[in-house]
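Printed here is my_file_39.cif (mmCIF, C-alpha atoms):
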```
data_target
#
loop_
_atom_site.group_PDB
_atom_site.id
_atom_site.type_symbol
_atom_site.label_atom_id
_atom_site.label_comp_id
_atom_site.auth_asym_id
_atom_site.auth_seq_id
_atom_site.Cartn_x
_atom_site.Cartn_y
_atom_site.Cartn_z
ATOM 1 C CA MET K 575 -62.433 49.711 -56.560
ATOM 2 C CA ILE K 576 -59.081 48.244 -55.437
ATOM 3 C CA VAL K 577 -57.776 51.759 -54.707
ATOM 4 C CA LEU K 578 -60.869 52.664 -52.663
ATOM 5 C CA LEU K 579 -60.613 49.450 -50.612
ATOM 6 C CA SER K 580 -56.935 50.153 -49.986
ATOM 7 C CA PHE K 581 -57.723 53.627 -48.605
ATOM 8 C CA ASN K 582 -60.458 52.171 -46.378
ATOM 9 C CA HIS K 583 -57.930 49.741 -44.975
ATOM 10 C CA VAL K 584 -55.393 52.505 -44.376
ATOM 11 C CA PHE K 585 -57.851 54.716 -42.558
ATOM 12 C CA SER K 586 -59.382 51.902 -40.483
ATOM 13 C CA GLN K 587 -56.022 50.821 -39.025
ATOM 14 C CA MET K 588 -52.811 52.803 -39.353
ATOM 15 C CA GLY K 589 -49.436 51.325 -38.584
ATOM 16 C CA ILE K 590 -46.225 53.290 -38.207
ATOM 17 C CA ASN K 591 -43.073 51.156 -38.544
ATOM 18 C CA THR K 592 -45.301 48.089 -38.709
ATOM 19 C CA PRO K 593 -47.375 46.491 -41.500
ATOM 20 C CA ASN K 594 -49.364 44.601 -38.837
ATOM 21 C CA PRO K 595 -51.239 47.219 -36.746
ATOM 22 C CA ARG K 596 -53.326 45.942 -33.830
ATOM 23 C CA GLY K 597 -55.458 49.061 -33.353
ATOM 24 C CA ILE K 598 -56.720 52.260 -34.983
ATOM 25 C CA LEU K 599 -53.200 53.642 -34.582
ATOM 26 C CA HIS K 600 -50.171 51.481 -33.837
ATOM 27 C CA VAL K 601 -46.612 52.805 -33.521
ATOM 28 C CA ASP K 602 -43.772 50.270 -33.346
ATOM 29 C CA GLY K 603 -40.850 52.230 -31.936
ATOM 30 C CA GLN K 604 -38.151 49.642 -32.672
ATOM 31 C CA LYS K 605 -39.672 48.040 -35.820
ATOM 32 C CA ASP K 606 -39.358 44.675 -34.092
ATOM 33 C CA ASN K 607 -42.962 43.432 -34.367
ATOM 34 C CA PRO K 608 -43.886 40.406 -36.523
ATOM 35 C CA VAL K 609 -45.281 41.283 -39.956
ATOM 36 C CA THR K 610 -48.240 38.925 -39.492
ATOM 37 C CA GLY K 611 -50.113 37.217 -36.698
ATOM 38 C CA THR K 612 -51.306 38.308 -33.280
ATOM 39 C CA LEU K 613 -48.513 37.032 -31.030
ATOM 40 C CA PHE K 614 -46.270 39.794 -29.679
ATOM 41 C CA THR K 615 -43.671 39.271 -26.979
ATOM 42 C CA PRO K 616 -43.583 41.612 -23.919
ATOM 43 C CA ILE K 617 -40.300 43.070 -25.240
ATOM 44 C CA GLN K 618 -41.900 43.811 -28.607
ATOM 45 C CA GLN K 619 -44.901 45.471 -26.918
ATOM 46 C CA SER K 620 -42.717 47.508 -24.549
ATOM 47 C CA ASN K 621 -41.702 49.990 -27.280
ATOM 48 C CA ASP K 622 -45.163 50.275 -28.875
ATOM 49 C CA ILE K 623 -47.951 52.827 -28.580
ATOM 50 C CA LEU K 624 -51.437 51.654 -29.521
ATOM 51 C CA VAL K 625 -54.835 53.364 -29.759
ATOM 52 C CA THR K 626 -57.796 50.964 -29.701
ATOM 53 C CA ASN K 627 -61.130 51.392 -31.482
ATOM 54 C CA THR K 628 -62.663 52.348 -28.112
ATOM 55 C CA GLY K 629 -60.268 55.279 -27.656
ATOM 56 C CA SER K 630 -58.024 53.655 -25.070
ATOM 57 C CA VAL K 631 -54.259 54.211 -25.254
ATOM 58 C CA GLY K 632 -51.651 51.633 -24.385
ATOM 59 C CA ALA K 633 -47.995 52.651 -24.006
ATOM 60 C CA GLY K 634 -45.936 49.488 -23.798
ATOM 61 C CA THR K 635 -48.994 47.253 -23.877
ATOM 62 C CA HIS K 636 -51.419 46.113 -26.577
ATOM 63 C CA SER K 637 -54.236 45.513 -24.086
ATOM 64 C CA PRO K 638 -54.995 48.775 -22.240
ATOM 65 C CA ALA K 639 -57.431 48.082 -19.407
ATOM 66 C CA VAL K 640 -58.122 51.789 -18.784
ATOM 67 C CA LYS K 641 -58.171 54.934 -20.940
ATOM 68 C CA VAL K 642 -54.385 55.357 -20.591
ATOM 69 C CA ASP K 643 -52.400 52.255 -19.632
ATOM 70 C CA VAL K 644 -48.603 52.271 -19.334
ATOM 71 C CA ARG K 645 -48.157 49.003 -17.484
ATOM 72 C CA ASN K 646 -45.498 46.805 -19.049
ATOM 73 C CA SER K 647 -42.392 44.845 -18.227
ATOM 74 C CA GLY K 648 -40.140 47.775 -19.121
ATOM 75 C CA ASN K 649 -40.244 51.402 -18.012
ATOM 76 C CA GLY K 650 -43.813 52.061 -16.879
ATOM 77 C CA ALA K 651 -43.185 55.381 -15.135
ATOM 78 C CA ILE K 652 -45.323 58.454 -15.862
ATOM 79 C CA GLY K 653 -43.979 61.999 -15.653
ATOM 80 C CA PHE K 654 -46.266 64.882 -14.600
ATOM 81 C CA GLY K 655 -45.317 68.463 -15.356
ATOM 82 C CA THR K 656 -45.867 71.597 -13.310
ATOM 83 C CA SER K 657 -48.959 73.750 -13.747
ATOM 84 C CA ALA K 658 -49.942 77.264 -12.737
ATOM 85 C CA LEU K 659 -53.645 76.574 -13.318
ATOM 86 C CA THR K 660 -55.962 77.004 -10.373
ATOM 87 C CA ALA K 661 -57.608 73.830 -9.133
ATOM 88 C CA ALA K 662 -60.961 75.082 -10.434
ATOM 89 C CA ALA K 663 -59.534 75.793 -13.902
ATOM 90 C CA ALA K 664 -57.810 72.395 -14.056
ATOM 91 C CA ASP K 665 -61.066 70.821 -12.804
ATOM 92 C CA GLU K 666 -61.411 67.896 -10.428
ATOM 93 C CA GLY K 667 -59.308 64.847 -11.188
ATOM 94 C CA ALA K 668 -56.353 66.759 -12.651
ATOM 95 C CA ILE K 669 -52.851 65.831 -11.460
ATOM 96 C CA ARG K 670 -49.712 67.970 -11.447
ATOM 97 C CA TYR K 671 -46.236 68.047 -9.936
ATOM 98 C CA ASN K 672 -45.355 71.265 -8.084
ATOM 99 C CA ASN K 673 -42.558 70.145 -5.719
ATOM 100 C CA ARG K 674 -44.866 67.211 -4.898
ATOM 101 C CA VAL K 675 -47.621 65.282 -6.649
ATOM 102 C CA GLU K 676 -50.968 67.069 -6.209
ATOM 103 C CA TYR K 677 -54.503 66.467 -7.429
ATOM 104 C CA SER K 678 -57.413 68.841 -7.900
ATOM 105 C CA ASN K 679 -60.760 68.291 -6.197
ATOM 106 C CA GLY K 680 -62.204 71.158 -8.210
ATOM 107 C CA ASN K 681 -61.613 73.709 -5.451
ATOM 108 C CA GLU K 682 -58.003 73.303 -4.324
ATOM 109 C CA TRP K 683 -54.807 71.395 -5.046
ATOM 110 C CA LEU K 684 -54.278 68.650 -2.471
ATOM 111 C CA PRO K 685 -51.090 66.626 -1.867
ATOM 112 C CA LEU K 686 -51.097 63.061 -3.079
ATOM 113 C CA LEU K 687 -49.172 60.881 -0.644
ATOM 114 C CA THR K 688 -46.975 58.703 -2.811
ATOM 115 C CA ALA K 689 -44.788 57.070 -0.165
ATOM 116 C CA GLN K 690 -44.504 56.430 3.529
ATOM 117 C CA PRO K 691 -42.583 59.106 5.438
ATOM 118 C CA VAL K 692 -38.955 58.333 6.182
ATOM 119 C CA THR K 693 -39.684 58.642 9.912
ATOM 120 C CA ASN K 694 -42.860 57.224 11.411
ATOM 121 C CA LYS K 695 -45.097 59.610 13.309
ATOM 122 C CA VAL K 696 -44.710 59.874 17.079
ATOM 123 C CA ILE K 697 -47.507 58.411 19.185
ATOM 124 C CA VAL K 698 -47.425 58.446 22.992
ATOM 125 C CA ILE K 699 -49.879 56.703 25.314
ATOM 126 C CA ALA K 700 -49.502 56.949 29.100
ATOM 127 C CA SER K 701 -51.583 56.464 32.232
ATOM 128 C CA LYS K 702 -51.375 57.858 35.734
ATOM 129 C CA THR K 703 -51.973 55.646 38.745
ATOM 130 C CA ASN K 704 -50.476 57.759 41.536
ATOM 131 C CA ASN K 705 -50.989 61.195 43.104
ATOM 132 C CA ASN K 706 -47.543 62.629 42.412
ATOM 133 C CA VAL K 707 -47.599 66.270 41.302
ATOM 134 C CA LYS K 708 -45.430 69.337 41.346
ATOM 135 C CA LEU K 709 -47.267 72.261 42.865
ATOM 136 C CA ILE K 710 -47.256 75.848 41.572
ATOM 137 C CA THR K 711 -44.620 75.261 38.879
ATOM 138 C CA PRO K 712 -43.252 72.223 37.013
ATOM 139 C CA ALA K 713 -39.771 73.389 38.016
ATOM 140 C CA ALA K 714 -40.561 72.934 41.710
ATOM 141 C CA ALA K 715 -37.750 71.313 43.640
ATOM 142 C CA THR K 716 -39.887 68.626 45.271
ATOM 143 C CA THR K 717 -42.604 66.254 44.158
ATOM 144 C CA THR K 718 -45.729 66.305 46.323
ATOM 145 C CA THR K 719 -47.877 63.254 46.941
ATOM 146 C CA GLY K 720 -51.370 64.685 46.937
ATOM 147 C CA LEU K 721 -53.200 67.337 44.946
ATOM 148 C CA GLN K 722 -54.009 70.756 46.345
ATOM 149 C CA ASN K 723 -57.189 72.767 45.947
ATOM 150 C CA ARG K 724 -56.821 76.195 44.274
ATOM 151 C CA GLN K 725 -53.304 75.363 43.104
ATOM 152 C CA SER K 726 -51.606 74.342 39.850
ATOM 153 C CA ASN K 727 -51.017 70.593 40.023
ATOM 154 C CA TYR K 728 -48.477 69.573 37.364
ATOM 155 C CA LEU K 729 -48.976 65.871 36.647
ATOM 156 C CA VAL K 730 -45.702 63.950 36.975
ATOM 157 C CA GLY K 731 -44.978 60.276 37.523
ATOM 158 C CA TRP K 732 -46.803 58.780 34.535
ATOM 159 C CA THR K 733 -46.609 55.172 33.373
ATOM 160 C CA LYS K 734 -45.834 55.061 29.674
ATOM 161 C CA THR K 735 -47.701 52.224 27.980
ATOM 162 C CA PHE K 736 -46.603 52.934 24.404
ATOM 163 C CA GLU K 737 -44.347 55.262 22.430
ATOM 164 C CA SER K 738 -43.390 54.838 18.784
ATOM 165 C CA ASN K 739 -39.981 55.497 17.229
ATOM 166 C CA SER K 740 -37.116 56.128 19.661
ATOM 167 C CA GLY K 741 -39.369 56.179 22.704
ATOM 168 C CA THR K 742 -37.599 59.242 24.117
ATOM 169 C CA SER K 743 -39.947 62.125 23.246
ATOM 170 C CA PHE K 744 -42.081 61.710 26.375
ATOM 171 C CA ASN K 745 -40.449 61.748 29.805
ATOM 172 C CA ALA K 746 -42.884 59.807 31.978
ATOM 173 C CA THR K 747 -41.158 60.895 35.188
ATOM 174 C CA THR K 748 -41.480 64.628 34.521
ATOM 175 C CA GLY K 749 -44.621 64.469 32.372
ATOM 176 C CA VAL K 750 -42.931 66.560 29.673
ATOM 177 C CA PHE K 751 -43.276 65.797 25.953
ATOM 178 C CA THR K 752 -40.572 67.242 23.677
ATOM 179 C CA ALA K 753 -41.288 67.633 19.954
ATOM 180 C CA PRO K 754 -38.645 65.756 17.931
ATOM 181 C CA ARG K 755 -39.303 67.940 14.849
ATOM 182 C CA ASN K 756 -41.532 70.708 13.531
ATOM 183 C CA GLY K 757 -45.134 69.633 13.079
ATOM 184 C CA VAL K 758 -48.694 69.507 14.367
ATOM 185 C CA TYR K 759 -49.322 67.434 17.485
ATOM 186 C CA ILE K 760 -52.729 66.530 18.917
ATOM 187 C CA ALA K 761 -52.552 66.176 22.699
ATOM 188 C CA SER K 762 -55.292 64.851 24.951
ATOM 189 C CA PHE K 763 -55.511 63.903 28.625
ATOM 190 C CA THR K 764 -58.296 63.019 31.049
ATOM 191 C CA THR K 765 -58.418 63.207 34.841
ATOM 192 C CA ASP K 766 -60.864 62.083 37.496
ATOM 193 C CA MET K 767 -60.705 63.079 41.154
ATOM 194 C CA SER K 768 -61.496 60.585 43.880
ATOM 195 C CA SER K 769 -64.948 61.052 45.373
ATOM 196 C CA LEU K 770 -65.122 64.133 47.547
ATOM 197 C CA ALA K 771 -67.734 66.510 48.888
ATOM 198 C CA ILE K 772 -67.954 69.652 46.800
ATOM 199 C CA ASN K 773 -68.414 72.209 49.503
ATOM 200 C CA TYR K 774 -67.144 75.688 48.957
ATOM 201 C CA THR K 775 -68.454 79.143 49.779
ATOM 202 C CA VAL K 776 -69.628 80.610 46.513
ATOM 203 C CA ASP K 777 -67.233 83.251 45.234
ATOM 204 C CA PRO K 778 -68.042 84.936 41.882
ATOM 205 C CA LEU K 779 -64.341 85.390 41.212
ATOM 206 C CA ASN K 780 -63.523 81.740 41.966
ATOM 207 C CA PRO K 781 -66.381 79.506 40.794
ATOM 208 C CA ILE K 782 -66.591 75.828 41.668
ATOM 209 C CA GLN K 783 -64.805 74.098 38.813
ATOM 210 C CA ILE K 784 -62.043 71.760 37.668
ATOM 211 C CA GLU K 785 -59.701 72.660 34.828
ATOM 212 C CA ALA K 786 -57.560 70.433 32.589
ATOM 213 C CA ILE K 787 -54.731 72.490 31.080
ATOM 214 C CA TRP K 788 -51.980 72.022 28.496
ATOM 215 C CA GLN K 789 -48.950 74.276 28.767
ATOM 216 C CA LEU K 790 -46.545 74.727 25.838
ATOM 217 C CA TYR K 791 -42.958 75.800 26.555
ATOM 218 C CA ASP K 792 -40.180 77.029 24.291
ATOM 219 C CA ASN K 793 -37.216 74.910 23.191
ATOM 220 C CA THR K 794 -34.827 75.974 25.938
ATOM 221 C CA ILE K 795 -34.369 74.099 29.214
ATOM 222 C CA GLY K 796 -36.507 76.339 31.429
ATOM 223 C CA LEU K 797 -40.008 75.547 32.731
ATOM 224 C CA THR K 798 -40.774 78.980 34.137
ATOM 225 C CA PRO K 799 -43.542 81.441 33.184
ATOM 226 C CA ALA K 800 -41.029 83.199 30.932
ATOM 227 C CA ASN K 801 -40.726 80.009 28.861
ATOM 228 C CA ILE K 802 -44.473 79.611 28.228
ATOM 229 C CA VAL K 803 -45.442 79.852 24.553
ATOM 230 C CA ASN K 804 -49.131 78.934 24.798
ATOM 231 C CA THR K 805 -51.717 77.646 27.275
ATOM 232 C CA VAL K 806 -54.945 75.801 26.467
ATOM 233 C CA LYS K 807 -57.481 75.427 29.278
ATOM 234 C CA CYS K 808 -60.571 73.174 29.314
ATOM 235 C CA VAL K 809 -62.996 73.917 32.157
ATOM 236 C CA ASN K 810 -65.752 71.856 33.767
ATOM 237 C CA THR K 811 -67.899 73.798 36.212
ATOM 238 C CA MET K 812 -69.888 72.334 39.099
ATOM 239 C CA SER K 813 -73.412 73.664 39.503
ATOM 240 C CA SER K 814 -73.641 73.574 43.294
ATOM 241 C CA ASN K 815 -72.313 72.108 46.530
ATOM 242 C CA SER K 816 -72.954 68.417 47.068
ATOM 243 C CA ILE K 817 -74.308 66.724 50.155
ATOM 244 C CA GLY K 818 -72.485 63.472 49.433
ATOM 245 C CA ASN K 819 -69.209 62.625 47.771
ATOM 246 C CA ILE K 820 -69.008 62.789 43.988
ATOM 247 C CA ASP K 821 -66.314 62.475 41.307
ATOM 248 C CA ALA K 822 -65.125 65.620 39.583
ATOM 249 C CA GLY K 823 -63.333 65.047 36.292
ATOM 250 C CA SER K 824 -62.105 66.929 33.277
ATOM 251 C CA ASN K 825 -60.363 66.415 29.961
ATOM 252 C CA CYS K 826 -58.533 68.601 27.457
ATOM 253 C CA THR K 827 -57.771 67.945 23.794
ATOM 254 C CA ALA K 828 -55.898 70.491 21.699
ATOM 255 C CA SER K 829 -53.755 70.779 18.566
ATOM 256 C CA PHE K 830 -50.371 72.472 18.765
ATOM 257 C CA TYR K 831 -47.927 73.473 16.068
ATOM 258 C CA MET K 832 -44.618 72.734 17.754
ATOM 259 C CA THR K 833 -41.119 73.421 16.546
ATOM 260 C CA ALA K 834 -38.369 70.937 17.335
ATOM 261 C CA GLY K 835 -37.438 71.059 21.015
ATOM 262 C CA GLN K 836 -40.591 72.770 22.268
ATOM 263 C CA ARG K 837 -42.175 71.056 25.263
ATOM 264 C CA LEU K 838 -45.720 70.235 26.297
ATOM 265 C CA MET K 839 -46.973 69.379 29.786
ATOM 266 C CA PRO K 840 -50.411 68.760 31.391
ATOM 267 C CA TYR K 841 -51.671 70.048 34.722
ATOM 268 C CA ILE K 842 -54.975 70.543 36.525
ATOM 269 C CA TRP K 843 -56.386 73.307 38.687
ATOM 270 C CA PHE K 844 -59.554 72.932 40.720
ATOM 271 C CA ASN K 845 -61.683 74.795 43.232
ATOM 272 C CA LEU K 846 -63.912 72.172 44.812
ATOM 273 C CA ASN K 847 -63.895 72.630 48.572
ATOM 274 C CA ASN K 848 -62.445 74.660 51.420
ATOM 275 C CA SER K 849 -59.368 72.496 51.894
ATOM 276 C CA ASP K 850 -56.062 73.951 50.700
ATOM 277 C CA LEU K 851 -53.979 71.053 51.973
ATOM 278 C CA PRO K 852 -52.144 68.919 49.382
ATOM 279 C CA ASN K 853 -54.029 65.793 50.370
ATOM 280 C CA LEU K 854 -56.572 65.238 47.601
ATOM 281 C CA SER K 855 -56.343 62.247 45.292
ATOM 282 C CA LEU K 856 -57.051 61.162 41.755
ATOM 283 C CA ASN K 857 -59.314 58.192 41.105
ATOM 284 C CA ASN K 858 -56.538 55.712 40.389
ATOM 285 C CA THR K 859 -58.565 52.508 40.215
ATOM 286 C CA GLY K 860 -60.721 52.879 37.105
ATOM 287 C CA GLY K 861 -58.189 53.832 34.443
ATOM 288 C CA TYR K 862 -59.585 57.353 34.137
ATOM 289 C CA ASN K 863 -56.318 59.288 34.069
ATOM 290 C CA ASN K 864 -54.754 58.925 30.637
ATOM 291 C CA LEU K 865 -52.623 60.876 28.193
ATOM 292 C CA THR K 866 -52.240 60.579 24.423
ATOM 293 C CA ILE K 867 -50.060 62.645 22.072
ATOM 294 C CA ALA K 868 -50.093 61.968 18.323
ATOM 295 C CA GLU K 869 -48.025 63.642 15.606
ATOM 296 C CA GLN K 870 -50.078 64.501 12.534
#
```
Can you dump the structure from the file as structure tokens?
Amino acid sequence: MIVLLSFNHVFSQMGINTPNPRGILHVDGQKDNPVTGTLFTPIQQSNDILVTNTGSVGAGTHSPAVKVDVRNSGNGAIGFGTSALTAAAADEGAIRYNNRVEYSNGNEWLPLLTAQPVTNKVIVIASKTNNNVKLITPAAATTTTGLQNRQSNYLVGWTKTFESNSGTSFNATTGVFTAPRNGVYIASFTTDMSSLAINYTVDPLNPIQIEAIWQLYDNTIGLTPANIVNTVKCVNTMSSNSIGNIDAGSNCTASFYMTAGQRLMPYIWFNLNNSDLPNLSLNNTGGYNNLTIAEQ
């Protein structure tokens, strides 16, 4: 009977390097635990591994709050190894380290952001409260006060209201944003023309419309057609001529992958009436003309 009771005791709680186990399995790495009692110092617990009767594991703690708990006053770090398993094979909730910490959602491995980036993301916010543009090309020698119908109106002379980091990526005078590093940038701007009569002879090749356009240039110093990498155009058409004056506005939001030094600039083109003189204006009183660029 004594022998049987002894075996029951051994199998109910097993201690390795300790005669005083506190769980189903208790390993005392340094053999520094007390032989009796329930009081264990944090230092004594820090080298222990304990499995409770509920199946929880504590490494460095006798009171695991979750299935695996490594929180203690010593070294509580966890190391994850690499894995060639697909996310589906590893199943959702799995974690691995393949040049970065990743977790599986059951379909794909996704990066787990473990720290803030060394450099904060660039965010630019600007507004336009004047009618300064460069016509035809952003490299034009002169700045024109007034927008011209059926002409490229490159928007210069912005007022920068906010820019993170160095504050030098966006040149408010020229309207040119320069990428400080490789990455994805979301760019958006809105424009609103002052009230005018839309009155133009219908031409199938030149419909009545206003276009908001982003132009991406390479990382040299030129702003000529030869330097254009990409163009994104957002078009708002007007259904018919108007008897009275109305506002014509547009906006364009696009994502660009930019390499360091590439440049981005907004402009508008419109075909709203018969006037080709550079004397049209933006609606500068309602805060309608704004620009935002955000690094992702």
Inset, instruction - Tell me which residues the PyMOL selection byres ((chain K and resi 728-733) around 9) grabs here, as a PyMOL selection string. - result: chain K and resi 699-712+717+726-727+734-735+745-750+839-843+864-865
Inset, instruction - Would you list the contacts of Thr827 in chain K as a ChimeraX atom specification, taking every protein, DNA or RNA residue within 12 Å and counting all atoms listed in the file, but skipping same-chain residues closer than 4 positions in sequence? - result: /K:759-764,786-789,805-809,840,864-868
List every protein, DNA or RNA residue with an atom no more than 9 Å from (-37.0, 48.8, -33.1) in the file's coordinates, counting all atoms listed in the file, and format the result as a short mmCIF file (atom, residue, chain, number, x, y, z; two decimals) with C-alpha atoms, keeping the file's coordinate frame.
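The result, written out as point-v3.cif:
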```cif
data_model
loop_
_atom_site.label_atom_id
_atom_site.label_comp_id
_atom_site.auth_asym_id
_atom_site.auth_seq_id
_atom_site.Cartn_x
_atom_site.Cartn_y
_atom_site.Cartn_z
CA ASN K 591 -43.07 51.16 -38.54
CA ASP K 602 -43.77 50.27 -33.35
CA GLY K 603 -40.85 52.23 -31.94
CA GLN K 604 -38.15 49.64 -32.67
CA LYS K 605 -39.67 48.04 -35.82
CA ASP K 606 -39.36 44.68 -34.09
CA ASN K 607 -42.96 43.43 -34.37
CA GLN K 618 -41.90 43.81 -28.61
CA ASN K 621 -41.70 49.99 -27.28
#
```
Inset, instruction - Give as a ChimeraX atom specification the residues that the PyMOL selection byres ((chain K and resi 814) around 9) matches when applied to the coordinates above. - result: /K:772-774,776,782,812-813,815-816
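Our summary of the geometry notes that CA of Tyr791 in chain K is positioned 24.0 Å from CA of Asn694 in chain K.
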Inset, instruction - Determine the nearest neighbour of Ser738 in chain K from the options K:Val696, K:Ala713, K:Val640, K:Leu797, counting all atoms listed in the file. - result: K:Val696
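Between CA of Asn649 in chain K and CA of Pro608 in chain K lies a distance of 21.8 Å.
Distance check against Ala668 in chain K using all atoms listed in the file: of K:Thr693, K:Gly650, K:Gly655, K:Thr765, the minimum falls on K:Gly655.
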Inset, instruction - In the coordinates of the file, take the point (-50.1, 52.8, -34.8) and a cut-off of 10 Å; then, counting all atoms listed in the file, name each qualifying protein, DNA or RNA residue as a PyMOL selection string. - result: chain K and resi 587-603+622-626
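Note that CA of Tyr677 in chain K and CA of Tyr831 in chain K are 25.4 Å apart.
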Reconstruct N, CA, C and O atoms of range 755-770 of chain K; output as a short mmCIF file (atom, residue, chain, number, x, y, z; two decimals), keeping the file's coordinate frame.
```cif
data_model
loop_
_atom_site.label_atom_id
_atom_site.label_comp_id
_atom_site.auth_asym_id
_atom_site.auth_seq_id
_atom_site.Cartn_x
_atom_site.Cartn_y
_atom_site.Cartn_z
N ARG K 755 -39.43 67.19 16.09
CA ARG K 755 -39.30 67.94 14.85
C ARG K 755 -40.51 68.87 14.71
O ARG K 755 -41.50 68.74 15.43
N ASN K 756 -40.43 69.80 13.78
CA ASN K 756 -41.53 70.71 13.53
C ASN K 756 -42.75 69.92 13.06
O ASN K 756 -42.62 68.99 12.25
N GLY K 757 -43.92 70.31 13.53
CA GLY K 757 -45.13 69.63 13.08
C GLY K 757 -46.32 69.93 13.97
O GLY K 757 -46.22 70.67 14.96
N VAL K 758 -47.46 69.36 13.59
CA VAL K 758 -48.69 69.51 14.37
C VAL K 758 -48.87 68.27 15.24
O VAL K 758 -48.78 67.13 14.76
N TYR K 759 -49.14 68.51 16.52
CA TYR K 759 -49.32 67.43 17.48
C TYR K 759 -50.68 67.60 18.16
O TYR K 759 -51.02 68.70 18.62
N ILE K 760 -51.45 66.52 18.20
CA ILE K 760 -52.73 66.53 18.92
C ILE K 760 -52.49 65.88 20.28
O ILE K 760 -52.04 64.74 20.37
N ALA K 761 -52.80 66.64 21.33
CA ALA K 761 -52.55 66.18 22.70
C ALA K 761 -53.87 66.10 23.45
O ALA K 761 -54.71 67.00 23.35
N SER K 762 -54.05 65.02 24.20
CA SER K 762 -55.29 64.85 24.95
C SER K 762 -54.98 64.16 26.28
O SER K 762 -54.15 63.25 26.34
N PHE K 763 -55.61 64.63 27.36
CA PHE K 763 -55.51 63.90 28.62
C PHE K 763 -56.82 64.05 29.40
O PHE K 763 -57.55 65.03 29.24
N THR K 764 -57.09 63.04 30.21
CA THR K 764 -58.30 63.02 31.05
C THR K 764 -57.88 62.81 32.50
O THR K 764 -56.88 62.15 32.79
N THR K 765 -58.66 63.39 33.41
CA THR K 765 -58.42 63.21 34.84
C THR K 765 -59.74 63.00 35.55
O THR K 765 -60.79 63.46 35.09
N ASP K 766 -59.68 62.30 36.66
CA ASP K 766 -60.86 62.08 37.50
C ASP K 766 -60.43 62.10 38.95
O ASP K 766 -59.54 61.35 39.35
N MET K 767 -61.03 62.99 39.74
CA MET K 767 -60.70 63.08 41.15
C MET K 767 -61.43 61.98 41.93
O MET K 767 -62.53 61.56 41.56
N SER K 768 -60.80 61.51 42.99
CA SER K 768 -61.50 60.58 43.88
C SER K 768 -62.71 61.28 44.47
O SER K 768 -62.76 62.51 44.57
N SER K 769 -63.70 60.50 44.86
CA SER K 769 -64.95 61.05 45.37
C SER K 769 -64.68 61.99 46.54
O SER K 769 -63.93 61.67 47.47
N LEU K 770 -65.27 63.15 46.48
CA LEU K 770 -65.12 64.13 47.55
C LEU K 770 -66.37 65.00 47.58
O LEU K 770 -67.12 65.08 46.60
#
```
